[in-house]
$ cat model-v6.txt   # compact mmCIF, C-alpha atoms
# COMPACT_ATOMS: atom_id res chain seq x y z
CA MET G 1 14.61 21.99 -10.58
CA GLN G 2 12.48 23.47 -7.82
CA ASN G 3 15.21 25.99 -6.93
CA ALA G 4 15.34 27.15 -10.55
CA VAL G 5 11.59 27.69 -10.60
CA THR G 6 11.72 29.54 -7.27
CA SER G 7 14.57 31.78 -8.35
CA THR G 8 12.84 32.52 -11.67
CA MET G 9 9.63 33.40 -9.85
CA LYS G 10 11.49 35.70 -7.44
CA ARG G 11 13.31 37.41 -10.29
CA SER G 12 10.13 37.96 -12.24
CA SER G 13 8.25 39.29 -9.22
CA LEU G 14 11.08 41.76 -8.52
CA GLU G 15 11.04 42.90 -12.14
CA LYS G 16 7.29 43.28 -12.02
CA GLN G 17 7.54 45.31 -8.84
CA ARG G 18 10.16 47.54 -10.44
CA SER G 19 8.01 48.07 -13.50
CA ASN G 20 4.89 48.79 -11.44
CA SER G 21 6.56 51.02 -8.88
CA VAL G 22 8.10 53.63 -11.14
CA THR G 23 9.37 56.55 -9.10
CA PHE G 24 8.62 60.01 -10.32
CA THR G 25 10.66 63.11 -9.59
CA PRO G 26 9.39 66.64 -9.92
CA THR G 27 11.17 68.76 -12.53
CA PRO G 28 10.51 72.41 -13.16
CA SER G 29 8.75 73.35 -16.38
CA ARG G 30 6.93 76.35 -17.76
CA SER G 31 3.56 75.54 -16.26
CA GLY G 32 4.92 74.43 -12.87
CA PHE G 33 6.26 71.01 -11.99
CA SER G 34 6.00 67.87 -14.20
CA LEU G 35 6.73 64.27 -13.26
CA HIS G 36 9.24 62.13 -15.18
CA PRO G 37 9.96 58.47 -14.53
CA LEU G 38 13.43 57.49 -13.35
CA SER G 39 13.46 53.76 -14.02
CA GLY G 40 14.31 52.37 -17.43
CA SER G 41 11.72 49.57 -17.64
CA LEU G 42 8.17 50.86 -18.01
CA PRO G 43 4.94 48.91 -18.26
CA ARG G 44 3.30 48.69 -21.67
CA ARG G 45 0.38 50.90 -20.82
CA GLN G 46 2.70 53.63 -19.56
CA LEU G 47 4.86 53.38 -22.64
CA GLU G 48 1.86 53.98 -24.85
CA VAL G 49 0.63 56.93 -22.77
CA ASP G 50 3.97 58.63 -22.18
CA SER G 51 4.86 60.67 -25.21
CA THR G 52 7.87 62.35 -23.66
CA SER G 53 9.93 59.20 -23.11
CA GLY G 54 11.79 59.15 -26.43
CA ASN G 55 11.58 57.61 -29.83
CA SER G 56 9.65 54.49 -30.80
CA ASP G 57 12.79 52.24 -31.02
CA ASP G 58 13.27 52.49 -27.28
CA LYS G 59 9.64 51.59 -26.73
CA THR G 60 9.78 48.46 -28.88
CA GLU G 61 13.06 47.32 -27.32
CA SER G 62 11.69 47.65 -23.81
CA GLU G 63 8.44 45.95 -24.87
CA ASN G 64 10.42 43.11 -26.43
CA LYS G 65 12.57 42.79 -23.34
CA VAL G 66 9.51 42.71 -21.07
CA SER G 67 7.74 40.19 -23.30
CA GLN G 68 10.89 38.02 -23.45
CA ASP G 69 11.21 38.15 -19.67
CA GLU G 70 7.55 37.27 -19.29
CA ASP G 71 7.90 34.40 -21.78
CA ALA G 72 11.01 33.12 -19.99
CA PHE G 73 9.23 33.31 -16.65
CA ARG G 74 6.15 31.61 -18.03
CA LYS G 75 8.20 28.82 -19.63
CA GLY G 76 10.19 28.28 -16.44
CA PHE G 77 7.04 28.27 -14.36
CA GLU G 78 5.31 25.82 -16.69
CA GLU G 79 8.33 23.49 -16.76
CA GLY G 80 8.63 23.60 -13.00
CA LEU G 81 4.94 22.96 -12.61
CA LYS G 82 5.09 20.05 -15.07
CA ALA G 83 8.08 18.55 -13.24
CA LYS G 84 6.35 18.90 -9.87
CA LEU G 85 3.12 17.38 -11.19
CA SER G 86 4.93 14.49 -12.84
CA GLN G 87 6.81 13.79 -9.60
CA GLU G 88 3.57 13.85 -7.61
CA LEU G 89 1.89 11.59 -10.17
CA THR G 90 4.78 9.14 -9.93
CA GLU G 91 4.50 9.11 -6.14
CA LEU G 92 0.76 8.58 -6.38
CA ARG G 93 1.22 5.69 -8.83
CA ASP G 94 3.76 4.06 -6.51
CA HIS G 95 1.41 4.50 -3.58
CA GLN G 96 -1.49 3.06 -5.59
CA ASN G 97 0.64 0.09 -6.66
CA SER G 98 1.66 -0.66 -3.08
CA ILE G 99 -1.99 -0.44 -1.95
CA SER G 100 -3.13 -2.75 -4.76
CA GLN G 101 -0.38 -5.26 -3.92
CA SER G 102 -1.32 -5.30 -0.25
CA LEU G 103 -5.00 -5.64 -1.22
CA ASP G 104 -4.17 -8.59 -3.51
CA HIS G 105 -2.17 -10.18 -0.70
CA MET G 106 -5.08 -9.77 1.73
CA MET G 107 -7.56 -11.17 -0.82
CA ASP G 108 -5.32 -14.21 -1.33
CA LYS G 109 -5.21 -14.79 2.43
CA VAL G 110 -9.01 -14.54 2.65
CA ASP G 111 -9.45 -16.96 -0.26
CA GLN G 112 -6.98 -19.38 1.29
CA SER G 113 -8.70 -19.28 4.67
CA GLN G 114 -12.08 -19.85 3.02
CA GLN G 115 -10.72 -22.90 1.19
CA GLU G 116 -9.29 -24.28 4.43
CA GLU G 117 -12.64 -23.78 6.17
CA GLU G 118 -14.45 -25.56 3.33
CA GLU G 119 -12.00 -28.48 3.55
CA LEU G 120 -12.49 -28.72 7.30
CA LEU G 121 -16.26 -28.61 6.96
CA SER G 122 -16.27 -31.23 4.21
CA ARG G 123 -14.26 -33.73 6.32
CA PRO G 124 -16.18 -35.93 8.68
CA THR G 125 -15.62 -35.09 12.32
CA ARG G 126 -14.49 -37.62 14.91
CA LEU G 127 -18.00 -37.81 16.28
CA ASP G 128 -19.34 -38.64 12.82
CA THR G 129 -16.67 -41.32 12.43
CA ILE G 130 -17.47 -42.87 15.81
CA ILE G 131 -21.19 -42.88 15.04
CA ASN G 132 -20.48 -44.54 11.68
CA TYR G 133 -18.35 -47.30 13.28
CA SER G 134 -20.87 -47.84 16.05
CA ALA G 135 -23.62 -48.28 13.44
CA ARG G 136 -21.50 -50.89 11.64
CA LEU G 137 -20.77 -52.70 14.91
CA LYS G 138 -24.48 -52.69 15.77
CA ASP G 139 -25.31 -54.20 12.38
CA PHE G 140 -22.68 -56.90 12.94
CA LEU G 141 -23.88 -57.69 16.42
CA VAL G 142 -27.53 -57.87 15.44
CA GLN G 143 -26.69 -60.20 12.57
CA HIS G 144 -25.79 -63.17 14.85
CA ASN G 145 -27.83 -65.10 17.36
CA TRP G 146 -25.62 -64.79 20.45
CA ARG G 147 -27.46 -67.23 22.71
CA THR G 148 -26.67 -70.22 20.53
CA ASN G 149 -23.26 -69.14 19.13
CA LYS G 150 -20.87 -69.47 22.11
CA LYS G 151 -17.79 -69.75 19.93
CA ALA G 152 -18.29 -66.20 18.50
CA ILE G 153 -18.61 -64.77 22.02
CA ARG G 154 -15.32 -66.42 23.06
CA ASN G 155 -13.54 -65.11 19.96
CA LEU G 156 -14.79 -61.57 20.50
CA ALA G 157 -13.81 -61.60 24.18
CA GLY G 158 -10.34 -62.84 23.22
CA LEU G 159 -9.90 -60.08 20.64
CA PHE G 160 -11.09 -57.52 23.17
CA PHE G 161 -8.52 -58.62 25.78
CA VAL G 162 -5.67 -58.66 23.20
CA PHE G 163 -6.64 -55.15 22.17
CA LEU G 164 -6.61 -54.03 25.82
CA ALA G 165 -3.19 -55.62 26.42
CA ILE G 166 -1.69 -53.84 23.40
CA LEU G 167 -3.25 -50.57 24.54
CA VAL G 168 -1.78 -50.91 28.06
CA VAL G 169 1.69 -51.69 26.72
CA PHE G 170 1.78 -48.69 24.38
CA LEU G 171 0.20 -46.21 26.78
CA SER G 172 2.18 -47.13 29.91
CA PRO G 173 5.01 -44.73 30.85
CA PRO G 174 8.57 -45.92 30.30
CA LEU G 175 10.47 -47.32 33.26
CA ASN G 176 13.49 -45.37 34.43
CA VAL G 177 16.00 -48.10 35.12
CA LYS G 178 19.62 -47.11 35.59
CA HIS G 179 22.14 -49.65 34.46
CA VAL G 180 25.33 -49.72 36.49
CA THR G 181 28.36 -51.15 34.81
CA ASN G 182 30.49 -51.75 37.91
CA PRO G 183 29.18 -52.07 41.41
CA PRO G 184 30.28 -49.26 43.69
CA GLN G 185 33.28 -50.02 45.92
$ encode --input "model-v6.txt" --output "structure tokens"
Amino acid sequence: MQNAVTSTMKRSSLEKQRSNSVTFTPTPSRSGFSLHPLSGSLPRRQLEVDSTSGNSDDKTESENKVSQDEDAFRKGFEEGLKAKLSQELTELRDHQNSISQSLDHMMDKVDQSQQEEEELLSRPTRLDTIINYSARLKDFLVQHNWRTNKKAIRNLAGLFFVFLAILVVFLSPPLNVKHVTNPPQ
């Protein structure tokens, strides 16, 4: 499509140059030399001024031909321009769509990260949990009279040692013992 527009523009500019650059040759006449145009296509203003070019049928035919050429050039130029503009608009729409999609994607990521931050801030931290349990333990310990209640002290000490034993068993590294099926000979 672009080549057609370019070729039409070149053709019209060449025709315009031909019509504007009419060559004149001197011919002898009674009062000296007079100038007559050699080219067949004349501009409109020259056709109206030149009374020696021929009859009026030739003038109207050349005017019609020039106007048809101009109309054809104008139509071709307009169609080419419309096609080029529509292509550029399509490219711009695609570019705008891709930008809006990437923007939506980025906004979703920002919203998601904000929600995650809110969830993390709403959860109690480990320090808050430890402080809460220590407050409960303090309330439990203050509740009893420990000087007279020896049985409760023994039970708590027993639970503490069982807890420590379980902790040592689970946190100790595994033993690397190799089992040999047959003794070496």
$ atom_distance --input "model-v6.txt" --atom1 "atom CA of G:Ala4" --atom2 "atom CA of G:Lys82"
13.3 Å
$ closest_residue --input "model-v6.txt" --among "G:Asn64, G:Lys59, G:Val169, G:Leu81" --to "G:Met9" --atoms "all atoms listed in the file"
G:Leu81
$ closest_residue --input "model-v6.txt" --among "G:Lys151, G:Phe73, G:Leu167, G:Ser172" --to "G:Thr6" --atoms "only C-alpha atoms"
G:Phe73
$ atom_distance --input "model-v6.txt" --atom1 "atom CA of G:Arg11" --atom2 "atom CA of G:Arg74"
12.0 Å
